[in-house]
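Novice: Just one file: target06.cif, with mmCIF, C-alpha atoms.
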```cif
data_final
#
loop_
_atom_site.label_atom_id
_atom_site.label_comp_id
_atom_site.auth_asym_id
_atom_site.auth_seq_id
_atom_site.Cartn_x
_atom_site.Cartn_y
_atom_site.Cartn_z
CA MET A 1 0.00 0.00 0.00
CA MET A 2 1.38 3.41 -0.92
CA SER A 3 2.06 5.60 2.09
CA SER A 4 1.79 9.35 2.27
CA SER A 5 2.05 12.02 4.97
CA TRP A 6 -0.43 14.83 5.36
CA GLY A 7 0.28 17.94 7.37
CA ASP A 8 -3.29 19.24 7.41
CA GLU A 9 -4.98 15.98 8.37
CA GLU A 10 -7.92 15.89 10.76
CA GLU A 11 -9.94 13.01 12.12
CA PHE A 12 -13.44 12.73 10.66
CA THR A 13 -16.50 12.30 12.80
CA GLU A 14 -18.65 9.19 12.47
CA GLU A 15 -21.23 11.25 10.54
CA ASP A 16 -18.56 12.35 8.05
CA LEU A 17 -17.38 8.78 7.53
CA LEU A 18 -20.89 7.49 6.99
CA ALA A 19 -21.56 10.23 4.45
CA ILE A 20 -18.40 9.37 2.52
CA GLU A 21 -19.19 5.66 2.56
CA ALA A 22 -22.71 6.43 1.33
CA ILE A 23 -21.18 7.66 -1.94
CA GLU A 24 -19.63 4.24 -2.52
CA ALA A 25 -22.81 2.47 -1.44
CA SER A 26 -24.84 4.63 -3.82
CA HIS A 27 -22.80 3.46 -6.80
CA LEU A 28 -23.17 -0.18 -5.79
CA SER A 29 -26.92 0.10 -5.32
CA GLN A 30 -27.32 1.76 -8.72
CA SER A 31 -25.38 -1.07 -10.36
CA SER A 32 -27.47 -3.64 -8.53
CA SER A 33 -30.79 -2.06 -9.52
CA SER A 34 -29.82 -2.10 -13.19
CA SER A 35 -29.43 -5.91 -13.13
CA SER A 36 -32.20 -8.50 -13.19
CA SER A 37 -33.58 -8.60 -9.66
CA SER A 38 -35.71 -11.67 -10.31
CA THR A 39 -32.74 -14.00 -10.77
CA VAL A 40 -30.09 -12.65 -8.40
CA ARG A 41 -29.80 -11.48 -4.84
CA PRO A 42 -27.96 -8.30 -3.77
CA ALA A 43 -24.51 -8.33 -2.25
CA ASN A 44 -24.37 -8.46 1.53
CA SER A 45 -23.29 -5.39 3.44
CA ASN A 46 -20.35 -5.57 5.86
CA PRO A 47 -21.75 -6.82 9.21
CA ASN A 48 -18.55 -6.19 11.15
CA GLN A 49 -18.51 -2.40 11.26
CA THR A 50 -19.75 -0.79 14.45
CA PRO A 51 -20.84 2.84 14.91
CA ASN A 52 -18.03 3.62 17.34
CA GLN A 53 -15.25 2.10 15.25
CA ILE A 54 -12.77 4.67 13.88
CA ARG A 55 -11.75 3.30 10.52
CA ARG A 56 -9.63 5.87 8.76
CA GLN A 57 -8.33 9.40 8.58
CA LEU A 58 -8.85 11.45 5.45
CA PRO A 59 -7.07 14.64 4.40
CA ARG A 60 -8.86 17.97 4.68
CA SER A 61 -8.49 18.36 0.91
CA ILE A 62 -11.33 15.89 0.29
CA THR A 63 -13.89 18.40 1.57
CA SER A 64 -12.04 21.51 0.44
CA PRO A 65 -13.64 23.50 -2.41
CA THR A 66 -10.19 23.64 -4.05
CA PRO A 67 -9.79 20.63 -6.37
CA SER A 68 -6.97 18.27 -5.41
CA LYS A 69 -4.24 17.64 -7.97
CA ARG A 70 -3.70 14.10 -6.76
CA PHE A 71 -5.92 11.39 -5.33
CA PRO A 72 -5.72 11.75 -1.51
CA LEU A 73 -4.60 8.34 -0.28
CA SER A 74 -6.48 7.62 2.92
CA ARG A 75 -4.67 6.01 5.82
CA CYS A 76 -6.68 3.27 7.42
CA ARG A 77 -6.07 3.33 11.15
CA ALA A 78 -7.28 -0.17 11.91
CA LYS A 79 -4.48 -2.69 12.38
CA ASN A 80 -6.58 -5.28 10.60
CA PHE A 81 -8.60 -4.14 7.61
CA PRO A 82 -12.08 -5.59 7.13
CA ALA A 83 -11.96 -8.26 4.45
CA MET A 84 -13.10 -7.60 0.91
CA ARG A 85 -15.62 -10.37 0.36
CA PHE A 86 -18.06 -10.83 -2.47
CA GLY A 87 -21.50 -11.20 -0.90
CA GLY A 88 -23.63 -11.79 -3.95
CA ARG A 89 -24.59 -14.99 -5.71
CA ILE A 90 -21.79 -17.18 -7.12
CA LEU A 91 -22.83 -19.02 -10.28
CA TYR A 92 -20.62 -22.08 -10.79
CA SER A 93 -20.59 -23.74 -14.23
CA LYS A 94 -18.54 -26.86 -14.92
CA THR A 95 -20.09 -28.55 -17.97
CA ALA A 96 -20.20 -27.39 -21.58
CA SER A 97 -23.96 -26.87 -21.50
CA GLU A 98 -23.84 -24.94 -18.22
CA VAL A 99 -21.05 -22.64 -19.42
CA ASP A 100 -22.76 -22.11 -22.77
CA ARG A 101 -26.06 -21.18 -21.10
CA ARG A 102 -24.43 -18.76 -18.67
CA ALA A 103 -22.33 -17.10 -21.37
CA MET A 104 -25.42 -16.49 -23.50
CA GLN A 105 -27.24 -15.01 -20.51
CA LEU A 106 -24.26 -12.78 -19.72
CA LEU A 107 -24.13 -11.49 -23.28
CA LYS A 108 -27.75 -10.38 -23.00
CA VAL A 109 -27.16 -8.71 -19.63
CA LEU A 110 -24.01 -6.95 -20.83
CA ASP A 111 -25.84 -5.56 -23.83
CA THR A 112 -28.05 -3.62 -21.40
CA LYS A 113 -25.03 -2.33 -19.45
CA LYS A 114 -23.21 -0.67 -22.33
CA ASP A 115 -22.44 3.02 -21.86
CA HIS A 116 -22.75 5.89 -24.32
CA SER A 117 -19.61 4.66 -26.10
CA GLY A 118 -21.18 1.26 -26.62
CA ARG A 119 -18.91 -0.52 -24.13
CA ALA A 120 -19.51 -2.52 -20.95
CA PHE A 121 -16.88 -3.38 -18.34
CA ILE A 122 -16.23 -6.81 -16.84
CA GLY A 123 -14.20 -7.86 -13.82
CA PHE A 124 -12.15 -10.70 -15.32
CA ASP A 125 -9.66 -13.21 -13.91
CA ILE A 126 -8.35 -16.71 -14.52
CA GLU A 127 -6.94 -19.52 -12.37
CA TRP A 128 -4.84 -22.57 -13.13
CA ARG A 129 -3.11 -25.40 -11.29
CA PRO A 130 0.49 -24.39 -10.49
CA SER A 131 3.46 -26.72 -10.67
CA PHE A 132 6.03 -27.03 -7.90
CA ARG A 133 8.21 -29.64 -9.61
CA LYS A 134 11.18 -28.81 -11.78
CA GLY A 135 10.52 -29.56 -15.42
CA VAL A 136 6.75 -29.87 -14.93
CA LEU A 137 4.77 -27.12 -16.60
CA PRO A 138 1.83 -25.42 -14.87
CA GLY A 139 -1.63 -26.57 -15.86
CA LYS A 140 -3.75 -24.94 -18.52
CA VAL A 141 -6.19 -22.20 -17.58
CA ALA A 142 -8.76 -24.10 -15.54
CA VAL A 143 -11.17 -21.40 -14.37
CA VAL A 144 -12.49 -18.15 -15.81
CA GLN A 145 -14.15 -15.66 -13.45
CA ILE A 146 -16.48 -12.95 -14.70
CA CYS A 147 -18.21 -10.28 -12.61
CA VAL A 148 -20.49 -7.66 -14.16
CA ASP A 149 -22.07 -6.12 -11.04
CA ASN A 150 -22.31 -6.61 -7.28
CA SER A 151 -25.22 -9.05 -7.46
CA TYR A 152 -23.58 -12.12 -8.95
CA CYS A 153 -20.30 -13.41 -10.33
CA ASP A 154 -19.68 -16.37 -12.62
CA VAL A 155 -17.04 -19.02 -12.01
CA MET A 156 -16.61 -21.22 -15.09
CA GLN A 157 -14.44 -24.33 -14.88
CA ILE A 158 -13.35 -24.41 -18.51
CA ILE A 159 -10.76 -27.15 -17.95
CA HIS A 160 -13.73 -29.55 -17.97
CA SER A 161 -16.27 -27.70 -20.12
CA GLY A 162 -13.99 -26.32 -22.77
CA ILE A 163 -14.81 -22.90 -24.21
CA PRO A 164 -18.14 -22.99 -26.07
CA GLN A 165 -18.77 -20.54 -28.87
CA SER A 166 -20.88 -18.24 -26.68
CA LEU A 167 -18.07 -17.81 -24.14
CA GLN A 168 -15.51 -17.33 -26.91
CA HIS A 169 -17.72 -14.60 -28.36
CA LEU A 170 -17.91 -12.89 -24.95
CA ILE A 171 -14.14 -13.06 -24.46
CA GLU A 172 -13.34 -11.85 -27.98
CA ASP A 173 -15.98 -9.09 -28.10
CA SER A 174 -14.04 -5.81 -28.14
CA SER A 175 -17.06 -3.87 -26.85
CA LEU A 176 -16.82 -5.82 -23.58
CA VAL A 177 -13.76 -4.44 -21.79
CA LYS A 178 -12.11 -6.91 -19.42
CA VAL A 179 -10.58 -5.21 -16.38
CA GLY A 180 -8.09 -6.66 -13.92
CA ILE A 181 -4.51 -6.68 -12.64
CA GLY A 182 -1.94 -8.26 -14.96
CA ILE A 183 -4.66 -8.92 -17.49
CA ASP A 184 -2.24 -8.72 -20.42
CA GLY A 185 -0.46 -11.77 -19.02
CA ASP A 186 -3.80 -13.51 -18.53
CA SER A 187 -4.57 -12.83 -22.18
CA VAL A 188 -1.34 -14.46 -23.30
CA LYS A 189 -1.90 -17.57 -21.18
CA LEU A 190 -5.52 -17.99 -22.23
CA PHE A 191 -4.53 -17.75 -25.89
CA HIS A 192 -1.61 -20.15 -25.42
CA ASP A 193 -3.72 -22.72 -23.55
CA HIS A 194 -7.07 -22.48 -25.33
CA GLY A 195 -6.52 -20.49 -28.53
CA VAL A 196 -8.93 -17.72 -27.47
CA SER A 197 -7.80 -14.11 -27.60
CA ILE A 198 -9.12 -11.59 -25.07
CA LYS A 199 -10.12 -8.44 -26.93
CA ASP A 200 -9.93 -5.02 -25.28
CA VAL A 201 -8.47 -5.05 -21.78
CA GLU A 202 -7.87 -2.42 -19.09
CA ASP A 203 -5.06 -3.07 -16.63
CA LEU A 204 -6.00 -1.60 -13.27
CA SER A 205 -2.36 -0.97 -12.37
CA ASP A 206 -1.98 1.37 -15.34
CA LEU A 207 -5.29 3.06 -14.59
CA ALA A 208 -4.32 3.50 -10.93
CA ASN A 209 -1.05 5.20 -11.88
CA LYS A 210 -2.98 7.57 -14.12
CA LYS A 211 -5.54 8.42 -11.43
CA ILE A 212 -3.48 8.30 -8.23
CA GLY A 213 -0.20 9.75 -9.42
CA GLY A 214 2.92 9.96 -7.29
CA GLY A 215 5.10 8.06 -9.75
CA LEU A 216 4.67 4.78 -11.55
CA LYS A 217 3.99 1.77 -9.37
CA LYS A 218 3.28 -1.87 -10.14
CA TRP A 219 0.03 -2.32 -8.24
CA GLY A 220 -1.26 -5.66 -7.07
CA LEU A 221 -4.97 -6.27 -6.60
CA ALA A 222 -4.55 -6.59 -2.82
CA SER A 223 -2.52 -3.38 -2.42
CA LEU A 224 -4.91 -1.44 -4.64
CA THR A 225 -7.88 -2.71 -2.62
CA GLU A 226 -6.27 -1.48 0.61
CA THR A 227 -5.41 1.90 -0.88
CA LEU A 228 -8.74 2.68 -2.51
CA VAL A 229 -11.32 1.14 -0.19
CA CYS A 230 -9.35 0.27 2.98
CA LYS A 231 -10.17 -3.43 2.82
CA GLU A 232 -8.01 -6.53 2.78
CA LEU A 233 -8.17 -8.86 -0.19
CA LEU A 234 -7.35 -12.23 1.31
CA LYS A 235 -4.91 -14.39 -0.68
CA PRO A 236 -4.41 -17.63 1.28
CA HIS A 237 -1.71 -19.74 -0.39
CA ARG A 238 -3.56 -23.01 0.11
CA ILE A 239 -6.38 -21.70 -2.08
CA ARG A 240 -4.52 -19.46 -4.52
CA LEU A 241 -1.95 -22.17 -5.24
CA GLY A 242 -4.38 -25.05 -4.95
CA ASN A 243 -5.76 -27.46 -7.53
CA TRP A 244 -8.17 -25.54 -9.75
CA GLU A 245 -8.85 -28.62 -11.85
CA VAL A 246 -10.53 -30.59 -9.06
CA ARG A 247 -14.25 -31.14 -9.55
CA PRO A 248 -16.22 -29.80 -7.88
CA LEU A 249 -14.41 -26.72 -6.64
CA SER A 250 -14.68 -26.12 -2.90
CA LYS A 251 -16.76 -23.32 -1.40
CA GLU A 252 -13.52 -21.60 -0.41
CA GLN A 253 -12.22 -21.76 -3.98
CA LEU A 254 -15.48 -20.39 -5.37
CA GLN A 255 -15.50 -17.53 -2.86
CA TYR A 256 -11.87 -16.68 -3.62
CA ALA A 257 -12.44 -16.75 -7.38
CA ALA A 258 -15.60 -14.65 -7.26
CA THR A 259 -14.08 -12.10 -4.87
CA ASP A 260 -11.07 -11.53 -7.13
CA ALA A 261 -13.28 -10.82 -10.16
CA TYR A 262 -15.60 -8.65 -8.07
CA ALA A 263 -12.67 -6.65 -6.65
CA SER A 264 -11.45 -5.92 -10.19
CA TRP A 265 -14.91 -4.78 -11.29
CA HIS A 266 -15.47 -2.64 -8.20
CA LEU A 267 -12.03 -1.00 -8.18
CA TYR A 268 -12.36 -0.14 -11.85
CA HIS A 269 -15.52 1.85 -11.12
CA VAL A 270 -13.85 3.57 -8.15
CA LEU A 271 -10.87 4.55 -10.31
CA LYS A 272 -12.77 5.69 -13.38
CA ASP A 273 -14.73 8.24 -11.34
CA LEU A 274 -11.52 9.90 -10.10
CA PRO A 275 -9.97 12.82 -11.98
CA ASP A 276 -6.61 12.22 -13.60
CA ALA A 277 -3.71 13.04 -11.29
CA VAL A 278 -1.57 16.11 -11.99
CA ASP A 279 1.90 15.55 -10.59
#
```
If you convert what's in this file into C-alpha cells, what do you get?

Specialist:
Amino acid sequence: MMSSSWGDEEEFTEEDLLAIEAIEASHLSQSSSSSSSSTVRPANSNPNQTPNQIRRQLPRSITSPTPSKRFPLSRCRAKNFPAMRFGGRILYSKTASEVDRRAMQLLKVLDTKKDHSGRAFIGFDIEWRPSFRKGVLPGKVAVVQICVDNSYCDVMQIIHSGIPQSLQHLIEDSSLVKVGIGIDGDSVKLFHDHGVSIKDVEDLSDLANKKIGGGLKKWGLASLTETLVCKELLKPHRIRLGNWEVRPLSKEQLQYAATDAYASWHLYHVLKDLPDAVD
C-alpha cells in the first residue's frame, strides 16, 4: 500500500465517515438495480462495522472546495482491515452446456449495461493449477471468473467444459472491456492454452497510476484494494496455489475466485470516477 504524509490531516466524525461511505454504497446500489432482480440477490453489506469504530483518517483536501491535484490516499487506522468479500450470488458452471447457457445469458445482460460509447466493463480473472516440480509445466487455464455487477459473479471451470462458442464470443468481443490486474499476461496464457484471444483489456495498475499519481507503481490487486477502499483482499496460499482442476471446486475456492473478479470490477468503477492526477 502506498504511504503518504499529510500535514493538514484531521480526524473525521462518524457522521462524516458514513456520508463518505454512502457515496460508494450509492454506486453499488445503482449497479445492482440495473441488473435482473428476479434472478439474483444483492450483495451483503459488511456486518462487522460498528458505529463507534474509527476506521480511517482522510485529508482535509477531500472536503475543500479547491480541487486536489492528486488522489488523496487515505490512511486506514485499523491494524486489521475488514476483508473484501463478495457477498452476492456465485454461479458455478462446470459442464459445456452450463457454461454455454451462462455465457449467453451474460451477453444479453451486458448488452443492457453498455455506456454511451457502446462498451460494458467486466471484472475478469483466470486460475490454473500451479506446478512445484522442476521440469513440470503449470496446468492450462482451468477457471475463468467474470463479474459484471455486485449481485452475482460467474465461475466457469473451462478445464472440464472447454470454451463454447458463446463464451468465446464474450471473451473476444471488443465492446466488452475486461478489467483486472496483470490482465495482459492472462490474455497471453488464455490464448496459449485455449486459442482464445481476449479483446480489449484495461489493466487496473496502469489506470491506478494515471488516477493516483505519485510516480509509476506496479500495483497488485490486494494493495490497490487497501489503498482505494481500505479493505483486505485475502490471498491464502492453500487456495490461490491449490488445484483448480478438481471437480467440484470447494466453497472456499469459489469464494476466492468470485471475490477476485468482483474486486477488479469494483475498483475499476472507483478509479474511473476519479480525476486524472496532476503531478

Novice: Determine the axis-aligned bounding box of all atoms of segment 160-179 of chain A present in the file, pad each side by 6 Å, and express its centre and edge lengths in Å to one decimal place as JSON.

Specialist:
```
{"center_x": -15.7, "center_y": -16.7, "center_z": -22.6, "size_x": 22.3, "size_y": 37.7, "size_z": 24.5}
```

Novice: Between A:Val177, A:Leu106, A:Val143, A:Ala258, which has the minimum distance to Gly88 of chain A (counting all atoms listed in the file)?

Specialist: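 Smallest separation from Gly88 of chain A among the options: A:Ala258.
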
Novice: What do you get, as a ChimeraX atom specification, if you spell out every residue that the PyMOL selection byres ((chain A and resi 190-206) around 7) selects here?

Specialist: /A:140-141,168,171-174,177-183,186-189,207-210,218-219,268

Novice: Out of A:Val270, A:Leu216, A:Ala263, A:Val99, which residue has the shortest atom-to-atom distance to Phe86 of chain A when counting all atoms listed in the file?

Specialist: A:Ala263

Novice: Using all atoms listed in the file, which of the listed residues (A:Thr227, A:Asn80, A:Ser93, A:Gln253) sits closest to Ser161 of chain A?

Specialist: A:Ser93

Novice: Between atom CA of Tyr256 of chain A and atom CA of Cys153 of chain A, what is the spacing in Å?

Specialist: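 Interatomic distance, atom CA of Cys153 of chain A to atom CA of Tyr256 of chain A: 11.3 Å.
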
Novice: Quick one: everything within 10 Å of Glu127 of chain A, counting only C-alpha atoms, minus sequence neighbours fewer than 5 positions away in the same chain. Send it as a PDB file with C-alpha atoms, keeping the file's coordinate frame.

Specialist:
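around-v1.pdb was written with the following content:
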```
ATOM      1  CA  GLY A 139      -1.630 -26.570 -15.860  1.00  0.00           C
ATOM      2  CA  LYS A 140      -3.750 -24.940 -18.520  1.00  0.00           C
ATOM      3  CA  VAL A 141      -6.190 -22.200 -17.580  1.00  0.00           C
ATOM      4  CA  ALA A 142      -8.760 -24.100 -15.540  1.00  0.00           C
ATOM      5  CA  VAL A 143     -11.170 -21.400 -14.370  1.00  0.00           C
ATOM      6  CA  VAL A 144     -12.490 -18.150 -15.810  1.00  0.00           C
ATOM      7  CA  GLN A 145     -14.150 -15.660 -13.450  1.00  0.00           C
ATOM      8  CA  GLN A 157     -14.440 -24.330 -14.880  1.00  0.00           C
ATOM      9  CA  ASP A 186      -3.800 -13.510 -18.530  1.00  0.00           C
ATOM     10  CA  ARG A 240      -4.520 -19.460  -4.520  1.00  0.00           C
ATOM     11  CA  LEU A 241      -1.950 -22.170  -5.240  1.00  0.00           C
ATOM     12  CA  GLY A 242      -4.380 -25.050  -4.950  1.00  0.00           C
ATOM     13  CA  ASN A 243      -5.760 -27.460  -7.530  1.00  0.00           C
ATOM     14  CA  TRP A 244      -8.170 -25.540  -9.750  1.00  0.00           C
ATOM     15  CA  GLU A 245      -8.850 -28.620 -11.850  1.00  0.00           C
ATOM     16  CA  ALA A 257     -12.440 -16.750  -7.380  1.00  0.00           C
TER      17      ALA A 257
END
```

Novice: Would you compute the distance between atom CA of Ala120 of chain A and atom CA of Leu107 of chain A? Give it in Å to one decimal.

Specialist: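 For atom CA of Ala120 of chain A relative to atom CA of Leu107 of chain A, the distance reads 10.4 Å.
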
Novice: Rounded to one decimal place, report the atom CA of Gly87 of chain A-atom CA of Lys272 of chain A distance in Å.

Specialist: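 One can read the atom CA of Gly87 of chain A to atom CA of Lys272 of chain A distance as 22.7 Å.
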
Novice: Starting from the point (-10.4, 2.4, -3.5), work out which residues of protein, DNA or RNA have an atom no more than 9 Å away when counting only C-alpha atoms; state them as number ranges by chain.

Specialist: A: 73, 224-231, 266-268, 270-271

Novice: With distances taken over all atoms listed in the file, which of A:Gly185, A:Ile90, A:Val136, A:Leu110 is nearest to Met156 of chain A?

Specialist: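 Using all atoms listed in the file, the shortest distance to Met156 of chain A belongs to A:Ile90.
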
Novice: Do you know which residues are at most 12 Å from Lys108 of chain A counting all atoms listed in the file, after dropping those on the same chain fewer than 6 positions away, and could you put them as a ChimeraX atom specification?

Specialist: /A:35-36,101-102,114,120,148,166,170,176

Novice: Atoms to include: C-alpha atoms. Write the selected residues as a PDB file, in the frame of the given file.

Specialist:
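Everything below was put into again.pdb:
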```pdb
ATOM      1  CA  SER A  35     -29.430  -5.910 -13.130  1.00  0.00           C
ATOM      2  CA  SER A  36     -32.200  -8.500 -13.190  1.00  0.00           C
ATOM      3  CA  ARG A 101     -26.060 -21.180 -21.100  1.00  0.00           C
ATOM      4  CA  ARG A 102     -24.430 -18.760 -18.670  1.00  0.00           C
ATOM      5  CA  LYS A 114     -23.210  -0.670 -22.330  1.00  0.00           C
ATOM      6  CA  ALA A 120     -19.510  -2.520 -20.950  1.00  0.00           C
ATOM      7  CA  VAL A 148     -20.490  -7.660 -14.160  1.00  0.00           C
ATOM      8  CA  SER A 166     -20.880 -18.240 -26.680  1.00  0.00           C
ATOM      9  CA  LEU A 170     -17.910 -12.890 -24.950  1.00  0.00           C
ATOM     10  CA  LEU A 176     -16.820  -5.820 -23.580  1.00  0.00           C
TER      11      LEU A 176
END
```

Novice: Of the candidates A:Leu249, A:Ile239, A:Ile122, A:Leu167, which one gets nearest to Asn150 of chain A if we count only C-alpha atoms?

Specialist: A:Ile122

Novice: Nearest residue to Arg129 of chain A out of A:Ile159, A:Lys94, A:Gly213, A:Lys251, using all atoms listed in the file?

Specialist: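 So, comparing all the options, the nearest one is A:Ile159.
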